[in-house]
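What follows is entry04.cif (mmCIF, C-alpha atoms and all ligand atoms).
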```cif
data_structure
loop_
_atom_site.group_PDB
_atom_site.id
_atom_site.type_symbol
_atom_site.label_atom_id
_atom_site.label_comp_id
_atom_site.auth_asym_id
_atom_site.auth_seq_id
_atom_site.Cartn_x
_atom_site.Cartn_y
_atom_site.Cartn_z
ATOM 1 C CA MET L 1 8.803 -0.668 -19.721
ATOM 2 C CA ASN L 2 8.475 2.176 -22.172
ATOM 3 C CA ASN L 3 4.998 3.394 -21.340
ATOM 4 C CA SER L 4 5.246 6.984 -20.145
ATOM 5 C CA ILE L 5 2.696 6.543 -17.355
ATOM 6 C CA LEU L 6 4.930 3.990 -15.713
ATOM 7 C CA SER L 7 7.406 6.293 -14.093
ATOM 8 C CA THR L 8 8.277 7.016 -10.486
ATOM 9 C CA ASN L 9 9.662 10.488 -11.295
ATOM 10 C CA ARG L 10 6.892 12.136 -9.367
ATOM 11 C CA SER L 11 7.655 10.169 -6.202
ATOM 12 C CA ILE L 12 9.987 12.598 -4.444
ATOM 13 C CA GLU L 13 11.500 12.450 -0.960
ATOM 14 C CA GLN L 14 10.125 15.314 1.040
ATOM 15 C CA LYS L 15 11.003 16.571 4.529
ATOM 16 C CA VAL L 16 8.105 16.413 6.991
ATOM 17 C CA ASN L 17 8.225 19.451 9.239
ATOM 18 C CA LEU L 18 6.385 18.770 12.474
ATOM 19 C CA LEU L 19 7.112 20.120 15.935
ATOM 20 C CA GLU L 20 7.096 16.585 17.399
ATOM 21 C CA PHE L 21 10.069 15.630 15.217
ATOM 22 C CA GLU L 22 11.994 18.840 15.802
ATOM 23 C CA GLU L 23 11.614 18.538 19.588
ATOM 24 C CA ARG L 24 13.120 15.039 19.550
ATOM 25 C CA GLY L 25 15.882 15.922 17.118
ATOM 26 C CA VAL L 26 14.899 13.407 14.417
ATOM 27 C CA LYS L 27 14.647 14.163 10.713
ATOM 28 C CA VAL L 28 11.634 12.628 9.004
ATOM 29 C CA TYR L 29 11.120 12.361 5.267
ATOM 30 C CA VAL L 30 8.300 10.913 3.212
ATOM 31 C CA LYS L 31 8.680 9.056 -0.080
ATOM 32 C CA ARG L 32 5.712 10.308 -2.048
ATOM 33 C CA ASP L 33 4.666 7.139 -3.890
ATOM 34 C CA ASP L 34 1.125 8.500 -3.618
ATOM 35 C CA ARG L 35 2.132 10.932 -6.385
ATOM 36 C CA ILE L 36 3.049 8.223 -8.935
ATOM 37 C CA HIS L 37 -0.473 8.180 -10.383
ATOM 38 C CA PRO L 38 -3.826 9.298 -8.941
ATOM 39 C CA PHE L 39 -5.259 5.760 -8.985
ATOM 40 C CA ILE L 40 -2.394 3.383 -9.799
ATOM 41 C CA SER L 41 -0.881 4.676 -6.634
ATOM 42 C CA GLY L 42 2.022 3.863 -4.436
ATOM 43 C CA ASN L 43 2.963 0.295 -3.835
ATOM 44 C CA LYS L 44 0.158 -0.972 -6.107
ATOM 45 C CA TRP L 45 1.964 0.450 -9.115
ATOM 46 C CA ARG L 46 5.260 -1.090 -7.975
ATOM 47 C CA LYS L 47 3.593 -4.463 -7.448
ATOM 48 C CA LEU L 48 2.003 -4.394 -10.900
ATOM 49 C CA LYS L 49 5.240 -3.635 -12.717
ATOM 50 C CA TYR L 50 6.729 -7.145 -12.895
ATOM 51 C CA ASN L 51 3.334 -8.816 -12.819
ATOM 52 C CA TYR L 52 2.714 -6.918 -16.051
ATOM 53 C CA ALA L 53 6.028 -8.169 -17.453
ATOM 54 C CA SER L 54 5.064 -11.749 -16.539
ATOM 55 C CA PHE L 55 1.665 -11.251 -18.142
ATOM 56 C CA LEU L 56 3.322 -10.084 -21.384
ATOM 57 C CA ASN L 57 5.654 -13.090 -21.318
ATOM 58 C CA SER L 58 2.754 -15.465 -20.758
ATOM 59 C CA GLY L 59 1.028 -14.452 -23.997
ATOM 60 C CA CYS L 60 -2.288 -14.472 -22.128
ATOM 61 C CA LYS L 61 -5.188 -12.411 -23.432
ATOM 62 C CA GLY L 62 -6.248 -10.663 -20.243
ATOM 63 C CA ILE L 63 -5.737 -10.313 -16.506
ATOM 64 C CA VAL L 64 -7.925 -11.638 -13.714
ATOM 65 C CA THR L 65 -7.373 -10.542 -10.130
ATOM 66 C CA PHE L 66 -9.059 -10.333 -6.714
ATOM 67 C CA GLY L 67 -9.936 -7.826 -4.028
ATOM 68 C CA GLY L 68 -12.371 -6.378 -1.542
ATOM 69 C CA ALA L 69 -14.936 -3.767 -2.521
ATOM 70 C CA TYR L 70 -12.601 -0.881 -1.637
ATOM 71 C CA SER L 71 -9.415 -2.556 -2.820
ATOM 72 C CA ASN L 72 -6.634 -0.211 -3.912
ATOM 73 C CA HIS L 73 -5.253 -3.088 -5.973
ATOM 74 C CA ILE L 74 -8.546 -3.477 -7.880
ATOM 75 C CA ILE L 75 -8.766 0.199 -8.808
ATOM 76 C CA ALA L 76 -5.053 0.280 -9.714
ATOM 77 C CA THR L 77 -5.374 -2.804 -11.923
ATOM 78 C CA ALA L 78 -8.471 -1.413 -13.654
ATOM 79 C CA ALA L 79 -6.760 1.901 -14.463
ATOM 80 C CA PHE L 80 -3.504 0.201 -15.452
ATOM 81 C CA CYS L 81 -5.208 -2.286 -17.782
ATOM 82 C CA ALA L 82 -7.230 0.475 -19.458
ATOM 83 C CA GLU L 83 -4.104 2.541 -20.091
ATOM 84 C CA ASN L 84 -2.389 -0.518 -21.553
ATOM 85 C CA LYS L 85 -5.365 -1.907 -23.499
ATOM 86 C CA ILE L 86 -5.563 -5.127 -21.505
ATOM 87 C CA LYS L 87 -8.872 -6.872 -20.845
ATOM 88 C CA CYS L 88 -9.341 -7.384 -17.123
ATOM 89 C CA VAL L 89 -11.631 -9.058 -14.650
ATOM 90 C CA GLY L 90 -11.929 -8.221 -10.963
ATOM 91 C CA ILE L 91 -13.329 -10.912 -8.671
ATOM 92 C CA ILE L 92 -14.793 -8.904 -5.785
ATOM 93 C CA ARG L 93 -15.306 -10.256 -2.268
ATOM 94 C CA GLY L 94 -18.953 -10.054 -1.169
ATOM 95 C CA GLU L 95 -22.404 -10.119 -2.780
ATOM 96 C CA GLU L 96 -23.133 -7.589 -5.504
ATOM 97 C CA PRO L 97 -24.390 -4.404 -3.829
ATOM 98 C CA LYS L 98 -27.448 -2.555 -5.153
ATOM 99 C CA VAL L 99 -25.408 0.601 -5.453
ATOM 100 C CA LEU L 100 -21.741 0.343 -6.385
ATOM 101 C CA ASN L 101 -19.245 2.267 -4.267
ATOM 102 C CA PRO L 102 -17.002 4.934 -5.886
ATOM 103 C CA VAL L 103 -14.041 2.532 -6.222
ATOM 104 C CA LEU L 104 -16.064 -0.090 -8.094
ATOM 105 C CA ILE L 105 -17.779 2.537 -10.253
ATOM 106 C CA LEU L 106 -14.358 3.801 -11.343
ATOM 107 C CA ALA L 107 -13.114 0.248 -11.946
ATOM 108 C CA LYS L 108 -16.118 -0.345 -14.200
ATOM 109 C CA LEU L 109 -15.625 2.989 -15.932
ATOM 110 C CA TRP L 110 -12.155 1.763 -16.889
ATOM 111 C CA GLY L 111 -13.726 -1.347 -18.347
ATOM 112 C CA MET L 112 -12.958 -3.909 -15.664
ATOM 113 C CA GLU L 113 -15.476 -6.730 -15.657
ATOM 114 C CA LEU L 114 -16.650 -7.244 -12.085
ATOM 115 C CA GLN L 115 -17.556 -10.677 -10.792
ATOM 116 C CA PHE L 116 -18.940 -10.762 -7.256
ATOM 117 C CA ALA L 117 -18.286 -13.746 -5.015
ATOM 118 C CA SER L 118 -19.837 -14.463 -1.625
ATOM 119 C CA TRP L 119 -17.402 -14.599 1.301
ATOM 120 C CA ASN L 120 -17.663 -18.400 1.147
ATOM 121 C CA GLU L 121 -16.917 -18.603 -2.553
ATOM 122 C CA TYR L 122 -14.134 -16.077 -2.163
ATOM 123 C CA GLY L 123 -12.398 -18.477 0.202
ATOM 124 C CA GLN L 124 -11.850 -20.828 -2.740
ATOM 125 C CA LYS L 125 -10.058 -18.593 -5.184
ATOM 126 C CA ASP L 126 -8.758 -21.536 -7.220
ATOM 127 C CA LEU L 127 -12.297 -22.517 -8.151
ATOM 128 C CA LEU L 128 -13.268 -18.936 -8.989
ATOM 129 C CA VAL L 129 -10.277 -18.332 -11.191
ATOM 130 C CA GLU L 130 -10.282 -21.654 -13.065
ATOM 131 C CA PRO L 131 -12.824 -20.692 -15.760
ATOM 132 C CA TRP L 132 -10.810 -17.533 -16.480
ATOM 133 C CA LEU L 133 -7.542 -19.451 -16.709
ATOM 134 C CA ASN L 134 -9.209 -21.812 -19.158
ATOM 135 C CA GLN L 135 -10.157 -18.806 -21.272
ATOM 136 C CA GLY L 136 -6.528 -17.685 -21.399
ATOM 137 C CA TYR L 137 -6.441 -15.113 -18.606
ATOM 138 C CA TYR L 138 -3.393 -14.421 -16.443
ATOM 139 C CA SER L 139 -4.079 -14.462 -12.705
ATOM 140 C CA ILE L 140 -2.564 -11.909 -10.323
ATOM 141 C CA PRO L 141 -3.171 -12.592 -6.611
ATOM 142 C CA GLU L 142 -5.062 -10.307 -4.267
ATOM 143 C CA GLY L 143 -3.100 -7.149 -3.531
ATOM 144 C CA GLY L 144 -0.488 -8.086 -6.173
ATOM 145 C CA ASP L 145 1.152 -10.122 -3.421
ATOM 146 C CA ASN L 146 3.707 -12.414 -5.033
ATOM 147 C CA ASN L 147 7.403 -12.515 -5.864
ATOM 148 C CA ASP L 148 6.916 -10.189 -8.864
ATOM 149 C CA GLY L 149 5.161 -7.754 -6.542
ATOM 150 C CA SER L 150 7.921 -7.592 -3.961
ATOM 151 C CA ARG L 151 10.535 -7.353 -6.715
ATOM 152 C CA GLY L 152 8.907 -4.149 -7.942
ATOM 153 C CA CYS L 153 8.802 -2.769 -4.398
ATOM 154 C CA SER L 154 12.492 -3.468 -3.800
ATOM 155 C CA GLU L 155 13.343 -1.002 -6.600
ATOM 156 C CA LEU L 156 12.160 1.841 -4.400
ATOM 157 C CA LEU L 157 15.548 1.676 -2.662
ATOM 158 C CA ASP L 158 17.403 2.469 -5.902
ATOM 159 C CA GLU L 159 15.592 5.807 -6.098
ATOM 160 C CA LEU L 160 16.562 7.161 -2.681
ATOM 161 C CA THR L 161 18.922 10.123 -2.463
ATOM 162 C CA LEU L 162 19.789 9.703 1.246
ATOM 163 C CA GLU L 163 20.777 6.689 3.331
ATOM 164 C CA TYR L 164 18.234 6.562 6.150
ATOM 165 C CA ASP L 165 18.607 5.057 9.612
ATOM 166 C CA HIS L 166 14.994 3.837 9.491
ATOM 167 C CA ILE L 167 12.325 3.139 6.883
ATOM 168 C CA PHE L 168 8.644 2.776 7.824
ATOM 169 C CA CYS L 169 5.891 1.164 5.775
ATOM 170 C CA ALA L 170 2.268 0.130 6.394
ATOM 171 C CA SER L 171 1.638 -3.592 5.827
ATOM 172 C CA GLY L 172 -1.356 -5.618 4.707
ATOM 173 C CA THR L 173 0.122 -8.751 3.162
ATOM 174 C CA GLY L 174 3.714 -7.715 3.916
ATOM 175 C CA CYS L 175 4.724 -7.943 0.247
ATOM 176 C CA THR L 176 5.863 -4.317 0.129
ATOM 177 C CA ILE L 177 7.968 -4.324 3.307
ATOM 178 C CA ALA L 178 9.456 -7.672 2.195
ATOM 179 C CA GLY L 179 10.596 -6.005 -1.035
ATOM 180 C CA ILE L 180 11.985 -3.057 0.894
ATOM 181 C CA VAL L 181 13.994 -5.271 3.238
ATOM 182 C CA LYS L 182 15.306 -7.161 0.216
ATOM 183 C CA GLY L 183 16.241 -3.887 -1.478
ATOM 184 C CA VAL L 184 18.048 -2.596 1.622
ATOM 185 C CA ASN L 185 20.075 -5.797 1.838
ATOM 186 C CA LEU L 186 20.884 -5.873 -1.889
ATOM 187 C CA LEU L 187 22.351 -2.379 -1.579
ATOM 188 C CA LYS L 188 24.057 -3.297 1.718
ATOM 189 C CA LEU L 189 22.511 -0.304 3.485
ATOM 190 C CA LYS L 190 22.546 -0.008 7.268
ATOM 191 C CA THR L 191 18.869 0.944 7.323
ATOM 192 C CA HIS L 192 16.521 -0.705 9.823
ATOM 193 C CA CYS L 193 13.074 -1.429 8.348
ATOM 194 C CA HIS L 194 9.799 -1.117 10.243
ATOM 195 C CA SER L 195 6.474 -2.694 9.329
ATOM 196 C CA ILE L 196 3.218 -1.343 10.747
ATOM 197 C CA PRO L 197 0.614 -4.088 10.167
ATOM 198 C CA VAL L 198 -2.822 -2.512 9.705
ATOM 199 C CA LEU L 199 -4.582 -5.656 10.843
ATOM 200 C CA LYS L 200 -4.633 -7.672 14.052
ATOM 201 C CA GLN L 201 -2.106 -10.454 14.630
ATOM 202 C CA GLY L 202 0.416 -8.945 12.261
ATOM 203 C CA GLU L 203 3.204 -11.282 13.388
ATOM 204 C CA PHE L 204 2.897 -13.209 10.109
ATOM 205 C CA ILE L 205 4.511 -10.247 8.335
ATOM 206 C CA SER L 206 7.889 -11.514 9.616
ATOM 207 C CA ASP L 207 7.352 -14.786 7.736
ATOM 208 C CA ARG L 208 6.438 -12.913 4.550
ATOM 209 C CA ILE L 209 9.653 -10.875 4.859
ATOM 210 C CA HIS L 210 11.697 -14.051 5.368
ATOM 211 C CA GLU L 211 10.178 -15.568 2.210
ATOM 212 C CA GLU L 212 11.883 -12.811 0.201
ATOM 213 C CA ALA L 213 14.902 -12.247 2.433
ATOM 214 C CA PRO L 214 15.515 -15.511 4.349
ATOM 215 C CA THR L 215 18.353 -14.323 6.582
ATOM 216 C CA ALA L 216 17.247 -10.726 7.166
ATOM 217 C CA LYS L 217 17.413 -9.422 10.715
ATOM 218 C CA ASN L 218 17.253 -5.707 10.009
ATOM 219 C CA PHE L 219 13.539 -5.251 10.564
ATOM 220 C CA THR L 220 10.925 -4.867 13.286
ATOM 221 C CA VAL L 221 7.199 -5.585 12.990
ATOM 222 C CA HIS L 222 5.196 -3.295 15.314
ATOM 223 C CA THR L 223 1.935 -5.137 15.906
ATOM 224 C CA THR L 224 0.075 -2.693 18.171
ATOM 225 C CA PHE L 225 -0.892 0.131 15.818
ATOM 226 C CA HIS L 226 -3.837 -1.437 13.941
ATOM 227 C CA CYS L 227 -6.504 0.623 15.804
ATOM 228 C CA GLY L 228 -8.684 -2.484 16.299
ATOM 229 C CA GLY L 229 -8.094 -4.311 13.034
ATOM 230 C CA TYR L 230 -8.282 -4.036 9.260
ATOM 231 C CA ALA L 231 -10.267 -0.932 8.194
ATOM 232 C CA LYS L 232 -11.028 -0.261 11.859
ATOM 233 C CA THR L 233 -10.474 3.283 13.017
ATOM 234 C CA THR L 234 -10.671 5.481 16.092
ATOM 235 C CA PRO L 235 -11.761 9.130 16.420
ATOM 236 C CA GLU L 236 -8.156 9.832 17.402
ATOM 237 C CA LEU L 237 -6.932 8.455 14.063
ATOM 238 C CA PHE L 238 -9.212 10.861 12.186
ATOM 239 C CA ARG L 239 -8.093 13.795 14.334
ATOM 240 C CA PHE L 240 -4.572 12.779 13.397
ATOM 241 C CA ILE L 241 -5.398 12.666 9.657
ATOM 242 C CA ASN L 242 -6.769 16.175 10.065
ATOM 243 C CA TYR L 243 -3.697 17.363 12.005
ATOM 244 C CA LEU L 244 -1.198 15.939 9.493
ATOM 245 C CA ALA L 245 -3.112 17.378 6.524
ATOM 246 C CA LYS L 246 -3.302 20.836 8.098
ATOM 247 C CA GLU L 247 0.291 20.969 9.318
ATOM 248 C CA THR L 248 2.070 19.403 6.340
ATOM 249 C CA GLY L 249 -0.372 19.186 3.422
ATOM 250 C CA ILE L 250 0.107 15.409 3.372
ATOM 251 C CA LEU L 251 -3.153 13.548 2.957
ATOM 252 C CA THR L 252 -3.327 10.036 4.424
ATOM 253 C CA ASP L 253 -5.945 7.306 4.242
ATOM 254 C CA PRO L 254 -7.453 5.744 7.388
ATOM 255 C CA ILE L 255 -6.759 2.136 6.319
ATOM 256 C CA TYR L 256 -2.993 2.246 5.763
ATOM 257 C CA THR L 257 -0.980 5.433 5.620
ATOM 258 C CA ALA L 258 -2.529 7.281 8.586
ATOM 259 C CA LYS L 259 -1.695 4.280 10.765
ATOM 260 C CA VAL L 260 1.976 4.295 9.769
ATOM 261 C CA PHE L 261 2.415 8.036 10.384
ATOM 262 C CA TYR L 262 0.517 7.761 13.643
ATOM 263 C CA ALA L 263 2.740 4.894 14.785
ATOM 264 C CA LEU L 264 5.848 6.874 13.897
ATOM 265 C CA ILE L 265 4.810 9.929 15.912
ATOM 266 C CA ASP L 266 3.937 7.686 18.838
ATOM 267 C CA LEU L 267 7.374 6.045 18.744
ATOM 268 C CA VAL L 268 9.082 9.430 18.393
ATOM 269 C CA LYS L 269 7.259 10.762 21.463
ATOM 270 C CA ASP L 270 8.225 7.584 23.328
ATOM 271 C CA GLY L 271 11.896 8.301 22.726
ATOM 272 C CA TYR L 272 12.319 5.231 20.472
ATOM 273 C CA PHE L 273 14.884 6.975 18.235
ATOM 274 C CA ASN L 274 18.264 8.546 18.891
ATOM 275 C CA LYS L 275 18.815 12.242 18.337
ATOM 276 C CA GLY L 276 19.988 13.020 14.821
ATOM 277 C CA GLU L 277 18.554 9.874 13.248
ATOM 278 C CA THR L 278 16.896 10.053 9.831
ATOM 279 C CA ILE L 279 13.621 8.291 9.144
ATOM 280 C CA LEU L 280 11.804 7.683 5.872
ATOM 281 C CA VAL L 281 8.082 6.921 5.712
ATOM 282 C CA ILE L 282 6.796 5.357 2.510
ATOM 283 C CA HIS L 283 3.518 7.001 1.505
ATOM 284 C CA THR L 284 2.051 3.968 -0.228
ATOM 285 C CA GLY L 285 -0.899 5.892 -1.693
ATOM 286 C CA GLY L 286 -4.419 4.525 -1.349
ATOM 287 C CA LEU L 287 -6.235 7.808 -0.863
ATOM 288 C CA THR L 288 -9.471 6.353 -2.253
ATOM 289 C CA GLY L 289 -9.715 4.691 1.169
ATOM 290 C CA LEU L 290 -11.201 8.010 2.304
ATOM 291 C CA LEU L 291 -14.124 7.737 -0.086
ATOM 292 C CA SER L 292 -16.564 5.390 1.641
ATOM 293 C CA GLU L 293 -19.569 6.994 3.321
ATOM 294 C CA LYS L 294 -18.383 5.707 6.675
ATOM 295 C CA MET L 295 -14.899 7.196 6.311
ATOM 296 C CA LEU L 296 -16.125 10.500 4.887
ATOM 297 C CA SER L 297 -18.528 11.028 7.758
ATOM 298 C CA ALA L 298 -15.741 10.215 10.241
ATOM 299 C CA VAL L 299 -13.556 12.800 8.496
ATOM 300 C CA GLN L 300 -16.351 15.313 8.738
ATOM 301 C CA ASN L 301 -16.776 14.667 12.447
ATOM 302 C CA SER L 302 -13.061 15.171 13.008
ATOM 303 C CA ILE L 303 -13.071 18.651 11.442
ATOM 304 C CA LYS L 304 -16.150 19.995 13.191
HETATM 305 C C1 LIG O 1 -2.100 -2.426 -0.331
HETATM 306 C C2 LIG O 1 -1.574 -1.300 0.477
HETATM 307 C C3 LIG O 1 -0.632 -1.472 1.499
HETATM 308 C C4 LIG O 1 -0.183 -2.835 1.947
HETATM 309 O O1 LIG O 1 0.771 -3.407 1.119
HETATM 310 P P1 LIG O 1 1.244 -4.920 1.351
HETATM 311 O O2 LIG O 1 2.246 -5.127 0.306
HETATM 312 O O3 LIG O 1 0.027 -5.776 1.145
HETATM 313 O O4 LIG O 1 1.761 -5.051 2.724
HETATM 314 C C5 LIG O 1 -0.135 -0.355 2.138
HETATM 315 N N1 LIG O 1 -0.574 0.885 1.829
HETATM 316 C C6 LIG O 1 -1.495 1.092 0.874
HETATM 317 C C7 LIG O 1 -1.955 2.478 0.622
HETATM 318 C C8 LIG O 1 -2.031 0.015 0.171
HETATM 319 O O5 LIG O 1 -2.964 0.244 -0.778
#
```
Give the structure from this file in structure tokens form.
Amino acid sequence: MNNSILSTNRSIEQKVNLLEFEERGVKVYVKRDDRIHPFISGNKWRKLKYNYASFLNSGCKGIVTFGGAYSNHIIATAAFCAENKIKCVGIIRGEEPKVLNPVLILAKLWGMELQFASWNEYGQKDLLVEPWLNQGYYSIPEGGDNNDGSRGCSELLDELTLEYDHIFCASGTGCTIAGIVKGVNLLKLKTHCHSIPVLKQGEFISDRIHEEAPTAKNFTVHTTFHCGGYAKTTPELFRFINYLAKETGILTDPIYTAKVFYALIDLVKDGYFNKGETILVIHTGGLTGLLSEKMLSAVQNSIK
């Protein structure tokens, strides 16, 4: 791709200096995919890359995709399509609200056509998407979760300057960690991969990984760090977001990236790692997750 916005140059590996890591003798780094683009951030950019290539190959006239009202994939797709002059439609889960949230306002500002679908309707995506397919639109699944998506994520491994003992990533669908495991195995690295599902019953992430890397054994899915479920939070999680921001300058979102850093520190304190080991956390972006009224007021309470 020759479009200048589509570059991962800004995603550096950065040492995370925290007392907890120093005390246990582990070296922690963060891959700053959140810096790729302010809104086409992190893994959402990587997942769009080959979906975009497939769209171009298809000769379709626009893109239709799906997501919740705060979806990082929706806002990424809206920004990406605007920058590339592609017509796009976002089918949004839930009834149309009287007042749009900041994510949907931005999506609209970038020209995405929003179509709201009740939770019931949203369960039948095939029916919702059919009229758009008939009009010549190309459909990208919710979250960019398909083989093209994980292919883009696996390229993250080619960019790394160190060989890490461990790589950590937050998981929703598992597409990103599946790509990372695939990338590790393609390069024959000795890295062990760790998924932190942000929703309950995250065991299915193993199956998603095996879809992309059928024989992979070099991964662990840690299913106990979801803080109560998808988009569920605890006051402790917000205190942690505050602590990490103050101590390192790294901003995390309460839905995904705070949970992965929190899990890592917990495991470090538990003595999960050997002294001298190196660990990489993927900062998958998604900072707009902080922008709902609910999340902002929780942030405010944590810094009182
Ligand atoms: C979508 C998203 C994830 C989850 O990625 P999956 O590929 O669905 O597992 C993780 N972090 C952020 C910030 C996201 O927006």
Anything within 10 Å of (4.4, -11.3, 10.3): list those residues as a PDB file with C-alpha atoms, in the frame of the given file, counting all atoms listed in the file and sticking to the file's coordinates.
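Contents of selection_8.pdb, as written:
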```pdb
ATOM      1  CA  SER L 171       1.638  -3.592   5.827  1.00  0.00           C
ATOM      2  CA  GLY L 172      -1.356  -5.618   4.707  1.00  0.00           C
ATOM      3  CA  THR L 173       0.122  -8.751   3.162  1.00  0.00           C
ATOM      4  CA  GLY L 174       3.714  -7.715   3.916  1.00  0.00           C
ATOM      5  CA  SER L 195       6.474  -2.694   9.329  1.00  0.00           C
ATOM      6  CA  PRO L 197       0.614  -4.088  10.167  1.00  0.00           C
ATOM      7  CA  GLN L 201      -2.106 -10.454  14.630  1.00  0.00           C
ATOM      8  CA  GLY L 202       0.416  -8.945  12.261  1.00  0.00           C
ATOM      9  CA  GLU L 203       3.204 -11.282  13.388  1.00  0.00           C
ATOM     10  CA  PHE L 204       2.897 -13.209  10.109  1.00  0.00           C
ATOM     11  CA  ILE L 205       4.511 -10.247   8.335  1.00  0.00           C
ATOM     12  CA  SER L 206       7.889 -11.514   9.616  1.00  0.00           C
ATOM     13  CA  ASP L 207       7.352 -14.786   7.736  1.00  0.00           C
ATOM     14  CA  ARG L 208       6.438 -12.913   4.550  1.00  0.00           C
ATOM     15  CA  ILE L 209       9.653 -10.875   4.859  1.00  0.00           C
ATOM     16  CA  HIS L 210      11.697 -14.051   5.368  1.00  0.00           C
ATOM     17  CA  THR L 220      10.925  -4.867  13.286  1.00  0.00           C
ATOM     18  CA  VAL L 221       7.199  -5.585  12.990  1.00  0.00           C
ATOM     19  CA  HIS L 222       5.196  -3.295  15.314  1.00  0.00           C
ATOM     20  CA  THR L 223       1.935  -5.137  15.906  1.00  0.00           C
TER      21      THR L 223
END
```
Selection under test: the PyMOL selection byres (((chain L and resi 216) around 10) and not hetatm); residues as number ranges by chain: L: 178, 181-182, 184-185, 206, 209-215, 217-219
Resulting file, chosen residues, C-alpha atoms, as a CSV table (one decimal), in the frame of the given file:
```csv
chain,number,residue,atom,x,y,z
L,178,ALA,CA,9.5,-7.7,2.2
L,181,VAL,CA,14.0,-5.3,3.2
L,182,LYS,CA,15.3,-7.2,0.2
L,184,VAL,CA,18.0,-2.6,1.6
L,185,ASN,CA,20.1,-5.8,1.8
L,206,SER,CA,7.9,-11.5,9.6
L,209,ILE,CA,9.7,-10.9,4.9
L,210,HIS,CA,11.7,-14.1,5.4
L,211,GLU,CA,10.2,-15.6,2.2
L,212,GLU,CA,11.9,-12.8,0.2
L,213,ALA,CA,14.9,-12.2,2.4
L,214,PRO,CA,15.5,-15.5,4.3
L,215,THR,CA,18.4,-14.3,6.6
L,217,LYS,CA,17.4,-9.4,10.7
L,218,ASN,CA,17.3,-5.7,10.0
L,219,PHE,CA,13.5,-5.3,10.6
```
Test item: residues lying within 10 Å of ligand LIG 1 (chain O) with only C-alpha atoms and all ligand atoms, as an MDAnalysis selection string: chainID L and resid 33:34 40:47 70:76 142:146 149:150 153 169:180 195:198 205 208 252:260 282:289
Neighbour list for segment 292-295 of chain L as a PyMOL selection string, cut-off 12 Å, only C-alpha atoms, skip fewer than 6 positions in-chain: chain L and resi 69-71+100-104+231-235+237-238+241+253-255+301-302
Surrounding residues of Tyr29 of chain L excluding itself and chain neighbours under 2 positions, 10 Å, all atoms listed in the file, as a list of chain:residue names: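 Those residues are L:Ile12, L:Glu13, L:Gln14, L:Lys15, L:Val16, L:Asn17, L:Val26, L:Lys27, L:Lys31, L:Arg32, L:Leu162, L:Tyr164, L:Ile167, L:Thr278, L:Ile279, L:Leu280, L:Val281, L:Ile282.
Of the residues under consideration (L:Trp132, L:Tyr138, L:Trp119, L:Phe39), L:Tyr138 shows the shortest atom-to-atom contact distance to Ile86 of chain L when counting only C-alpha atoms.
Pairwise distance (atom CA of Ile140 of chain L, atom CA of Thr65 of chain L) equals 5.0 Å.
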Atom CA of Gly25 of chain L to atom CA of Ala263 of chain L, straight-line distance in Å: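 Here the two named atoms are 17.3 Å from each other.
Residue selection for this entry, given the PyMOL selection byres (((chain L and resi 108-112) around 6) and not hetatm), comprises L:Ala78, L:Ala79, L:Ala82, L:Cys88, L:Val89, L:Ile105, L:Leu106, L:Ala107, L:Glu113.
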Atomic distance atom CA of Lys304 of chain L - atom CA of Leu251 of chain L, expressed in Å with one decimal: 17.8 Å
Explicit residue set for the PyMOL selection byres (((chain L and resi 94) around 8) and not hetatm), as JSON, numbers by chain: {"L": [68, 69, 92, 93, 95, 96, 116, 117, 118, 119, 122]}
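Using only C-alpha atoms, the smallest distance between any of L:Ser154, L:Thr191, L:Asn9, L:Asn120 and His166 of chain L comes from L:Thr191.
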